[in-house]
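Encoded as structure tokens, the structure appears first; notes follow it.
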Amino acid sequence: VGLLASGFGSLSWLAGLGFLAHLSILAARNRLALHDASEAGRFADVPLHIIGAQALWDRVRFLLGIFIWKLIVLRMQDLVNMLLPRELRVFASDTAFPNVGCSEDGTYLGVAAHFAPRKARGQKQMPQYFVCNVGQICQNALPDMQRTMNTLIDVWREFQEPDMKGLLANVVAVFPDVHDQSVAKEINLSAWESAKDAHNWYVKSPGHKNALFQHSSGILKTFGNLLASLEPMGGMRHQDRCRQCSRLVEAHEIGVVAPLRCGFCGGHTFRYPLF
């Protein structure tokens, strides 16, 4: 309270920083002790107040970090996107996500985008056909990367046309730089109502024809890919979850979309999409 009352005009804020530094050091030692107890199989013997104190400190660090991130980085994202050409943008995640590793241990981060046509969001027919395309480009081949991204934009514009038929969802993940393999990667996965719908789109799509032409004519110098078409071997089961009791909710019959209400408590489900 004294710190808030006096503001930064006095030196009381130094006491606040010192207190935070003290808590930080205690938390680091506490985390090390928790790690040692877990490695030794004695985590169940750790007093609950120690675990609670660590959880509270981690929560404070999380909230402070997210506050700074949203205050600075997300605002800078909007500014940079205003400066970039309309066809380009930068992206910063709105929240933190698990630390799965870094480039030193062979883990690389990319960006992913998900698109589902509006009419497919209330779809009750299960997907019966999947197309997966994994493309790799030499990371120094900027022309190949530009042409591939331009084709991707053309295809997504086709997906957004009102008369688009059969597409349930399309997911694209791009890894611009994978040092261990010296390539950029693009993974494209789409879900369709049927193999016929997918075939009809592929044979008529201008964007897909352009991609095939670039491959066969040698316009793409370093692009290589794996294209796989997948069909389920049996019936698929769609599962949802109840908002109230958190139980899994699914239809009694395989191949049918999960009901909108829980059969146990009657609560509404989250209405998860098919894909």
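Ordering of the structure tokens sets the chain letters (A, B, ...); residue numbers start at 1 within each chain; ligands are numbered from 1 in the order shown.
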When you look at segment 44-57 of chain A with a cut-off of 8 Å (counting only C-alpha atoms), what residues show up, excluding the ones that are within fewer than 6 positions of it in the same chain? I need them as JSON, numbers by chain. {"A": [27, 30, 31, 34, 37]}
Let's have the selection written as an mmCIF file, in the first residue's frame, with all heavy atoms.
data_model
loop_
_atom_site.group_PDB
_atom_site.id
_atom_site.type_symbol
_atom_site.label_atom_id
_atom_site.label_comp_id
_atom_site.auth_asym_id
_atom_site.auth_seq_id
_atom_site.Cartn_x
_atom_site.Cartn_y
_atom_site.Cartn_z
ATOM 1 N N ALA A 27 11.307 -19.130 -5.324
ATOM 2 C CA ALA A 27 10.533 -19.988 -6.222
ATOM 3 C C ALA A 27 11.450 -20.882 -7.043
ATOM 4 O O ALA A 27 11.135 -22.054 -7.298
ATOM 5 C CB ALA A 27 9.674 -19.123 -7.141
ATOM 6 N N ASN A 30 12.545 -23.578 -4.831
ATOM 7 C CA ASN A 30 11.408 -24.447 -4.557
ATOM 8 C C ASN A 30 11.139 -25.370 -5.736
ATOM 9 O O ASN A 30 10.866 -26.572 -5.568
ATOM 10 C CB ASN A 30 10.182 -23.593 -4.262
ATOM 11 C CG ASN A 30 9.038 -24.400 -3.674
ATOM 12 O OD1 ASN A 30 9.261 -25.307 -2.880
ATOM 13 N ND2 ASN A 30 7.819 -24.076 -4.077
ATOM 14 N N ARG A 31 11.205 -24.833 -6.967
ATOM 15 C CA ARG A 31 10.984 -25.649 -8.157
ATOM 16 C C ARG A 31 12.045 -26.741 -8.277
ATOM 17 O O ARG A 31 11.747 -27.875 -8.667
ATOM 18 C CB ARG A 31 10.982 -24.769 -9.409
ATOM 19 C CG ARG A 31 10.804 -25.529 -10.702
ATOM 20 C CD ARG A 31 10.748 -24.589 -11.889
ATOM 21 N NE ARG A 31 9.494 -23.865 -11.934
ATOM 22 C CZ ARG A 31 8.399 -24.333 -12.513
ATOM 23 N NH1 ARG A 31 8.395 -25.531 -13.080
ATOM 24 N NH2 ARG A 31 7.288 -23.621 -12.532
ATOM 25 N N LEU A 34 11.130 -29.469 -5.890
ATOM 26 C CA LEU A 34 10.017 -30.254 -6.406
ATOM 27 C C LEU A 34 10.489 -31.207 -7.503
ATOM 28 O O LEU A 34 10.026 -32.353 -7.587
ATOM 29 C CB LEU A 34 8.932 -29.326 -6.936
ATOM 30 C CG LEU A 34 8.157 -28.485 -5.904
ATOM 31 C CD1 LEU A 34 7.213 -27.528 -6.602
ATOM 32 C CD2 LEU A 34 7.397 -29.380 -4.941
ATOM 33 N N ALA A 37 12.301 -34.110 -5.880
ATOM 34 C CA ALA A 37 11.350 -35.023 -5.244
ATOM 35 C C ALA A 37 10.624 -35.876 -6.284
ATOM 36 O O ALA A 37 10.380 -37.073 -6.067
ATOM 37 C CB ALA A 37 10.335 -34.223 -4.425
#
Find the residues around Ile66 of chain A up to 9 Å (only C-alpha atoms counted), leave out those fewer than 5 positions away in its own chain, and share them as a ChimeraX atom specification. /A:61,71,94-96
Limited to all heavy atoms, could you put the picked residues into a file as a compact mmCIF listing (two decimals), in the first residue's frame?
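And here's out.txt as it stands now:
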# COMPACT_ATOMS: atom_id res chain seq x y z
N ARG A 61 3.49 -15.06 -12.41
CA ARG A 61 4.43 -14.86 -13.54
C ARG A 61 3.70 -14.95 -14.87
O ARG A 61 3.97 -14.19 -15.81
CB ARG A 61 5.54 -15.90 -13.48
CG ARG A 61 6.46 -15.76 -12.28
CD ARG A 61 7.42 -16.93 -12.20
NE ARG A 61 8.28 -17.01 -13.37
CZ ARG A 61 9.06 -18.06 -13.64
NH1 ARG A 61 9.07 -19.11 -12.82
NH2 ARG A 61 9.82 -18.06 -14.71
N LEU A 71 0.16 -6.05 -24.11
CA LEU A 71 0.31 -4.60 -24.10
C LEU A 71 1.27 -4.12 -25.18
O LEU A 71 1.06 -3.07 -25.80
CB LEU A 71 0.80 -4.13 -22.73
CG LEU A 71 0.98 -2.62 -22.54
CD1 LEU A 71 -0.37 -1.91 -22.64
CD2 LEU A 71 1.65 -2.32 -21.21
N ASP A 94 -2.10 -15.11 -29.08
CA ASP A 94 -2.74 -14.31 -28.04
C ASP A 94 -2.38 -14.79 -26.64
O ASP A 94 -2.52 -14.04 -25.67
CB ASP A 94 -4.26 -14.35 -28.19
CG ASP A 94 -4.72 -13.58 -29.41
OD1 ASP A 94 -3.92 -12.81 -29.95
OD2 ASP A 94 -5.88 -13.76 -29.83
N THR A 95 -1.94 -16.01 -26.51
CA THR A 95 -1.65 -16.55 -25.19
C THR A 95 -0.44 -17.46 -25.26
O THR A 95 0.06 -17.78 -26.34
CB THR A 95 -2.86 -17.34 -24.64
OG1 THR A 95 -2.62 -17.72 -23.28
CG2 THR A 95 -3.12 -18.59 -25.47
N ALA A 96 0.05 -17.86 -24.09
CA ALA A 96 1.21 -18.74 -24.03
C ALA A 96 0.79 -20.18 -24.33
O ALA A 96 -0.38 -20.55 -24.17
CB ALA A 96 1.86 -18.66 -22.65
Work out how far atom CA of Val131 of chain A is from atom CA of Asn225 of chain A, in Å to one decimal. 12.9 Å
I'd like the contact shell of Phe275 of chain A - 9 Å cut-off, only C-alpha atoms, skipping same-chain residues fewer than 6 positions apart - returned as a ChimeraX atom specification. /A:116,127,168-170,191
Among segment 154-218 of chain A, which ones does DSSP place in alpha helix (DSSP H), written as a VMD selection string? chain A and resid 154 to 159 195 to 204 206 to 217
Writing out the chosen residues with N, CA and C atoms as a PDB file, in the first residue's frame:
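Final output, saved to selection_3.pdb:
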ATOM      1  N   ASP A 154      -4.551 -18.681 -53.575  1.00  0.00           N
ATOM      2  CA  ASP A 154      -5.546 -18.898 -54.629  1.00  0.00           C
ATOM      3  C   ASP A 154      -6.498 -20.042 -54.261  1.00  0.00           C
ATOM      4  N   VAL A 155      -5.951 -21.115 -53.719  1.00  0.00           N
ATOM      5  CA  VAL A 155      -6.772 -22.269 -53.352  1.00  0.00           C
ATOM      6  C   VAL A 155      -7.736 -21.909 -52.223  1.00  0.00           C
ATOM      7  N   TRP A 156      -7.254 -21.183 -51.230  1.00  0.00           N
ATOM      8  CA  TRP A 156      -8.132 -20.818 -50.119  1.00  0.00           C
ATOM      9  C   TRP A 156      -9.242 -19.887 -50.576  1.00  0.00           C
ATOM     10  N   ARG A 157      -8.977 -19.059 -51.551  1.00  0.00           N
ATOM     11  CA  ARG A 157     -10.042 -18.217 -52.098  1.00  0.00           C
ATOM     12  C   ARG A 157     -11.094 -19.061 -52.797  1.00  0.00           C
ATOM     13  N   GLU A 158     -10.654 -20.126 -53.452  1.00  0.00           N
ATOM     14  CA  GLU A 158     -11.619 -21.039 -54.072  1.00  0.00           C
ATOM     15  C   GLU A 158     -12.463 -21.731 -53.006  1.00  0.00           C
ATOM     16  N   PHE A 159     -11.832 -22.118 -51.900  1.00  0.00           N
ATOM     17  CA  PHE A 159     -12.566 -22.771 -50.819  1.00  0.00           C
ATOM     18  C   PHE A 159     -13.658 -21.857 -50.254  1.00  0.00           C
ATOM     19  N   ALA A 195     -14.996 -39.018 -51.513  1.00  0.00           N
ATOM     20  CA  ALA A 195     -13.898 -39.008 -52.475  1.00  0.00           C
ATOM     21  C   ALA A 195     -14.334 -38.336 -53.776  1.00  0.00           C
ATOM     22  N   LYS A 196     -15.602 -38.476 -54.134  1.00  0.00           N
ATOM     23  CA  LYS A 196     -16.110 -37.852 -55.354  1.00  0.00           C
ATOM     24  C   LYS A 196     -16.042 -36.331 -55.264  1.00  0.00           C
ATOM     25  N   ASP A 197     -16.425 -35.775 -54.113  1.00  0.00           N
ATOM     26  CA  ASP A 197     -16.358 -34.325 -53.936  1.00  0.00           C
ATOM     27  C   ASP A 197     -14.930 -33.827 -54.073  1.00  0.00           C
ATOM     28  N   ALA A 198     -13.996 -34.549 -53.468  1.00  0.00           N
ATOM     29  CA  ALA A 198     -12.592 -34.146 -53.560  1.00  0.00           C
ATOM     30  C   ALA A 198     -12.095 -34.224 -54.995  1.00  0.00           C
ATOM     31  N   HIS A 199     -12.446 -35.294 -55.692  1.00  0.00           N
ATOM     32  CA  HIS A 199     -12.012 -35.464 -57.087  1.00  0.00           C
ATOM     33  C   HIS A 199     -12.572 -34.364 -57.974  1.00  0.00           C
ATOM     34  N   ASN A 200     -13.845 -34.056 -57.791  1.00  0.00           N
ATOM     35  CA  ASN A 200     -14.473 -33.026 -58.628  1.00  0.00           C
ATOM     36  C   ASN A 200     -13.799 -31.670 -58.434  1.00  0.00           C
ATOM     37  N   TRP A 201     -13.404 -31.369 -57.189  1.00  0.00           N
ATOM     38  CA  TRP A 201     -12.738 -30.086 -56.969  1.00  0.00           C
ATOM     39  C   TRP A 201     -11.340 -30.077 -57.587  1.00  0.00           C
ATOM     40  N   TYR A 202     -10.593 -31.152 -57.400  1.00  0.00           N
ATOM     41  CA  TYR A 202      -9.215 -31.190 -57.893  1.00  0.00           C
ATOM     42  C   TYR A 202      -9.148 -31.074 -59.419  1.00  0.00           C
ATOM     43  N   VAL A 203     -10.090 -31.690 -60.127  1.00  0.00           N
ATOM     44  CA  VAL A 203     -10.035 -31.647 -61.598  1.00  0.00           C
ATOM     45  C   VAL A 203     -10.525 -30.311 -62.158  1.00  0.00           C
ATOM     46  N   LYS A 204     -11.258 -29.540 -61.366  1.00  0.00           N
ATOM     47  CA  LYS A 204     -11.793 -28.275 -61.851  1.00  0.00           C
ATOM     48  C   LYS A 204     -11.068 -27.059 -61.281  1.00  0.00           C
ATOM     49  N   PRO A 206      -8.679 -24.144 -60.665  1.00  0.00           N
ATOM     50  CA  PRO A 206      -7.594 -23.426 -61.344  1.00  0.00           C
ATOM     51  C   PRO A 206      -6.322 -23.378 -60.502  1.00  0.00           C
ATOM     52  N   GLY A 207      -6.482 -23.227 -59.180  1.00  0.00           N
ATOM     53  CA  GLY A 207      -5.314 -23.183 -58.320  1.00  0.00           C
ATOM     54  C   GLY A 207      -4.548 -24.486 -58.326  1.00  0.00           C
ATOM     55  N   HIS A 208      -5.260 -25.609 -58.291  1.00  0.00           N
ATOM     56  CA  HIS A 208      -4.594 -26.912 -58.319  1.00  0.00           C
ATOM     57  C   HIS A 208      -3.937 -27.158 -59.672  1.00  0.00           C
ATOM     58  N   LYS A 209      -4.594 -26.764 -60.760  1.00  0.00           N
ATOM     59  CA  LYS A 209      -3.998 -26.917 -62.085  1.00  0.00           C
ATOM     60  C   LYS A 209      -2.712 -26.102 -62.203  1.00  0.00           C
ATOM     61  N   ASN A 210      -2.725 -24.905 -61.638  1.00  0.00           N
ATOM     62  CA  ASN A 210      -1.528 -24.069 -61.666  1.00  0.00           C
ATOM     63  C   ASN A 210      -0.398 -24.717 -60.885  1.00  0.00           C
ATOM     64  N   ALA A 211      -0.732 -25.332 -59.738  1.00  0.00           N
ATOM     65  CA  ALA A 211       0.296 -26.015 -58.939  1.00  0.00           C
ATOM     66  C   ALA A 211       0.897 -27.186 -59.712  1.00  0.00           C
ATOM     67  N   LEU A 212       0.052 -27.975 -60.388  1.00  0.00           N
ATOM     68  CA  LEU A 212       0.559 -29.095 -61.182  1.00  0.00           C
ATOM     69  C   LEU A 212       1.443 -28.607 -62.324  1.00  0.00           C
ATOM     70  N   PHE A 213       1.042 -27.501 -62.952  1.00  0.00           N
ATOM     71  CA  PHE A 213       1.843 -26.963 -64.050  1.00  0.00           C
ATOM     72  C   PHE A 213       3.221 -26.508 -63.552  1.00  0.00           C
ATOM     73  N   GLN A 214       3.253 -25.871 -62.396  1.00  0.00           N
ATOM     74  CA  GLN A 214       4.532 -25.412 -61.849  1.00  0.00           C
ATOM     75  C   GLN A 214       5.444 -26.596 -61.513  1.00  0.00           C
ATOM     76  N   HIS A 215       4.859 -27.695 -61.061  1.00  0.00           N
ATOM     77  CA  HIS A 215       5.648 -28.892 -60.752  1.00  0.00           C
ATOM     78  C   HIS A 215       6.209 -29.521 -62.025  1.00  0.00           C
ATOM     79  N   SER A 216       5.345 -29.713 -63.023  1.00  0.00           N
ATOM     80  CA  SER A 216       5.743 -30.468 -64.211  1.00  0.00           C
ATOM     81  C   SER A 216       6.611 -29.659 -65.169  1.00  0.00           C
ATOM     82  N   SER A 217       6.479 -28.345 -65.155  1.00  0.00           N
ATOM     83  CA  SER A 217       7.207 -27.514 -66.120  1.00  0.00           C
ATOM     84  C   SER A 217       8.593 -27.123 -65.646  1.00  0.00           C
TER      85      SER A 217
END
Residue contacts of Ser229 of chain A (8 Å, only C-alpha atoms) excluding same-chain residues fewer than 5 positions away, as JSON, numbers by chain: {"A": [129, 130, 131, 132]}
Cut-off 10 Å: closest segment 68-140 of chain A/segment 242-261 of chain A atom pairs per residue, using only C-alpha atoms, as JSON lines:
{"residue": "A:Gln123", "atom": "CA", "partner": "A:Val257", "partner_atom": "CA", "distance": 8.8}
{"residue": "A:Lys124", "atom": "CA", "partner": "A:Val257", "partner_atom": "CA", "distance": 5.8}
{"residue": "A:Gln125", "atom": "CA", "partner": "A:Val257", "partner_atom": "CA", "distance": 7.3}
{"residue": "A:Met126", "atom": "CA", "partner": "A:Gly255", "partner_atom": "CA", "distance": 6.3}
{"residue": "A:Pro127", "atom": "CA", "partner": "A:Gly255", "partner_atom": "CA", "distance": 9.3}
{"residue": "A:Gln128", "atom": "CA", "partner": "A:Gly255", "partner_atom": "CA", "distance": 9.9}
As a PyMOL selection string, please: all residues of segment 26-204 of chain A that backbone DSSP puts in strand (DSSP E or B). chain A and resi 111-115+129-138+167-178+183-192
Nearest residue to Phe115 of chain A out of A:Ser103, A:Ser190, A:Ser205, A:Ser38, using only C-alpha atoms? A:Ser190
Atom CA of Ala40 of chain A and atom CA of Leu23 of chain A, how far apart in Å?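 Distance between the two atoms: 25.6 Å.
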Out of A:Phe175, A:Trp13, A:Tyr272, A:Phe264, which residue has the shortest atom-to-atom distance to Tyr108 of chain A when counting only C-alpha atoms?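 Closest candidate: A:Phe175.
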Pick the closest to Thr151 of chain A from A:Val183, A:Leu32, A:Leu220, A:Leu83: which is it, counting only C-alpha atoms? A:Leu220
Taking only C-alpha atoms into account, name the residue in A:Lys119, A:His268, A:Arg89, A:Arg237 that is nearest to Gln160 of chain A. A:Lys119
Name the residues in contact with Val171 of chain A at a cut-off of 6 Å, using only C-alpha atoms, excluding same-chain residues fewer than 6 positions from it; report them as a list in words.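 Neighbouring residues, sequence-local ones excluded: Ala113, His114, Asn188 and Leu189 of chain A.
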Put those residues in a file: all heavy atoms, as a PDB file, in the first residue's frame.
ATOM      1  N   ALA A 113      -3.083 -22.513 -39.944  1.00  0.00           N
ATOM      2  CA  ALA A 113      -4.359 -21.848 -40.210  1.00  0.00           C
ATOM      3  C   ALA A 113      -5.416 -22.910 -40.474  1.00  0.00           C
ATOM      4  O   ALA A 113      -5.139 -23.924 -41.114  1.00  0.00           O
ATOM      5  CB  ALA A 113      -4.239 -20.899 -41.412  1.00  0.00           C
ATOM      6  N   HIS A 114      -6.627 -22.678 -39.969  1.00  0.00           N
ATOM      7  CA  HIS A 114      -7.745 -23.608 -40.133  1.00  0.00           C
ATOM      8  C   HIS A 114      -8.903 -22.876 -40.795  1.00  0.00           C
ATOM      9  O   HIS A 114      -9.245 -21.756 -40.410  1.00  0.00           O
ATOM     10  CB  HIS A 114      -8.175 -24.151 -38.767  1.00  0.00           C
ATOM     11  CG  HIS A 114      -9.381 -25.042 -38.818  1.00  0.00           C
ATOM     12  ND1 HIS A 114     -10.675 -24.548 -38.866  1.00  0.00           N
ATOM     13  CD2 HIS A 114      -9.484 -26.397 -38.842  1.00  0.00           C
ATOM     14  CE1 HIS A 114     -11.525 -25.564 -38.912  1.00  0.00           C
ATOM     15  NE2 HIS A 114     -10.841 -26.686 -38.898  1.00  0.00           N
ATOM     16  N   ASN A 188      -0.494 -29.706 -45.588  1.00  0.00           N
ATOM     17  CA  ASN A 188      -1.853 -29.329 -45.948  1.00  0.00           C
ATOM     18  C   ASN A 188      -2.755 -30.555 -45.784  1.00  0.00           C
ATOM     19  O   ASN A 188      -2.543 -31.583 -46.435  1.00  0.00           O
ATOM     20  CB  ASN A 188      -1.883 -28.833 -47.400  1.00  0.00           C
ATOM     21  CG  ASN A 188      -3.188 -28.143 -47.747  1.00  0.00           C
ATOM     22  OD1 ASN A 188      -4.256 -28.607 -47.382  1.00  0.00           O
ATOM     23  ND2 ASN A 188      -3.097 -27.032 -48.460  1.00  0.00           N
ATOM     24  N   LEU A 189      -3.746 -30.440 -44.916  1.00  0.00           N
ATOM     25  CA  LEU A 189      -4.660 -31.543 -44.648  1.00  0.00           C
ATOM     26  C   LEU A 189      -6.092 -31.066 -44.826  1.00  0.00           C
ATOM     27  O   LEU A 189      -6.503 -30.072 -44.228  1.00  0.00           O
ATOM     28  CB  LEU A 189      -4.461 -32.070 -43.222  1.00  0.00           C
ATOM     29  CG  LEU A 189      -5.360 -33.231 -42.786  1.00  0.00           C
ATOM     30  CD1 LEU A 189      -5.103 -34.467 -43.642  1.00  0.00           C
ATOM     31  CD2 LEU A 189      -5.140 -33.552 -41.316  1.00  0.00           C
TER      32      LEU A 189
END
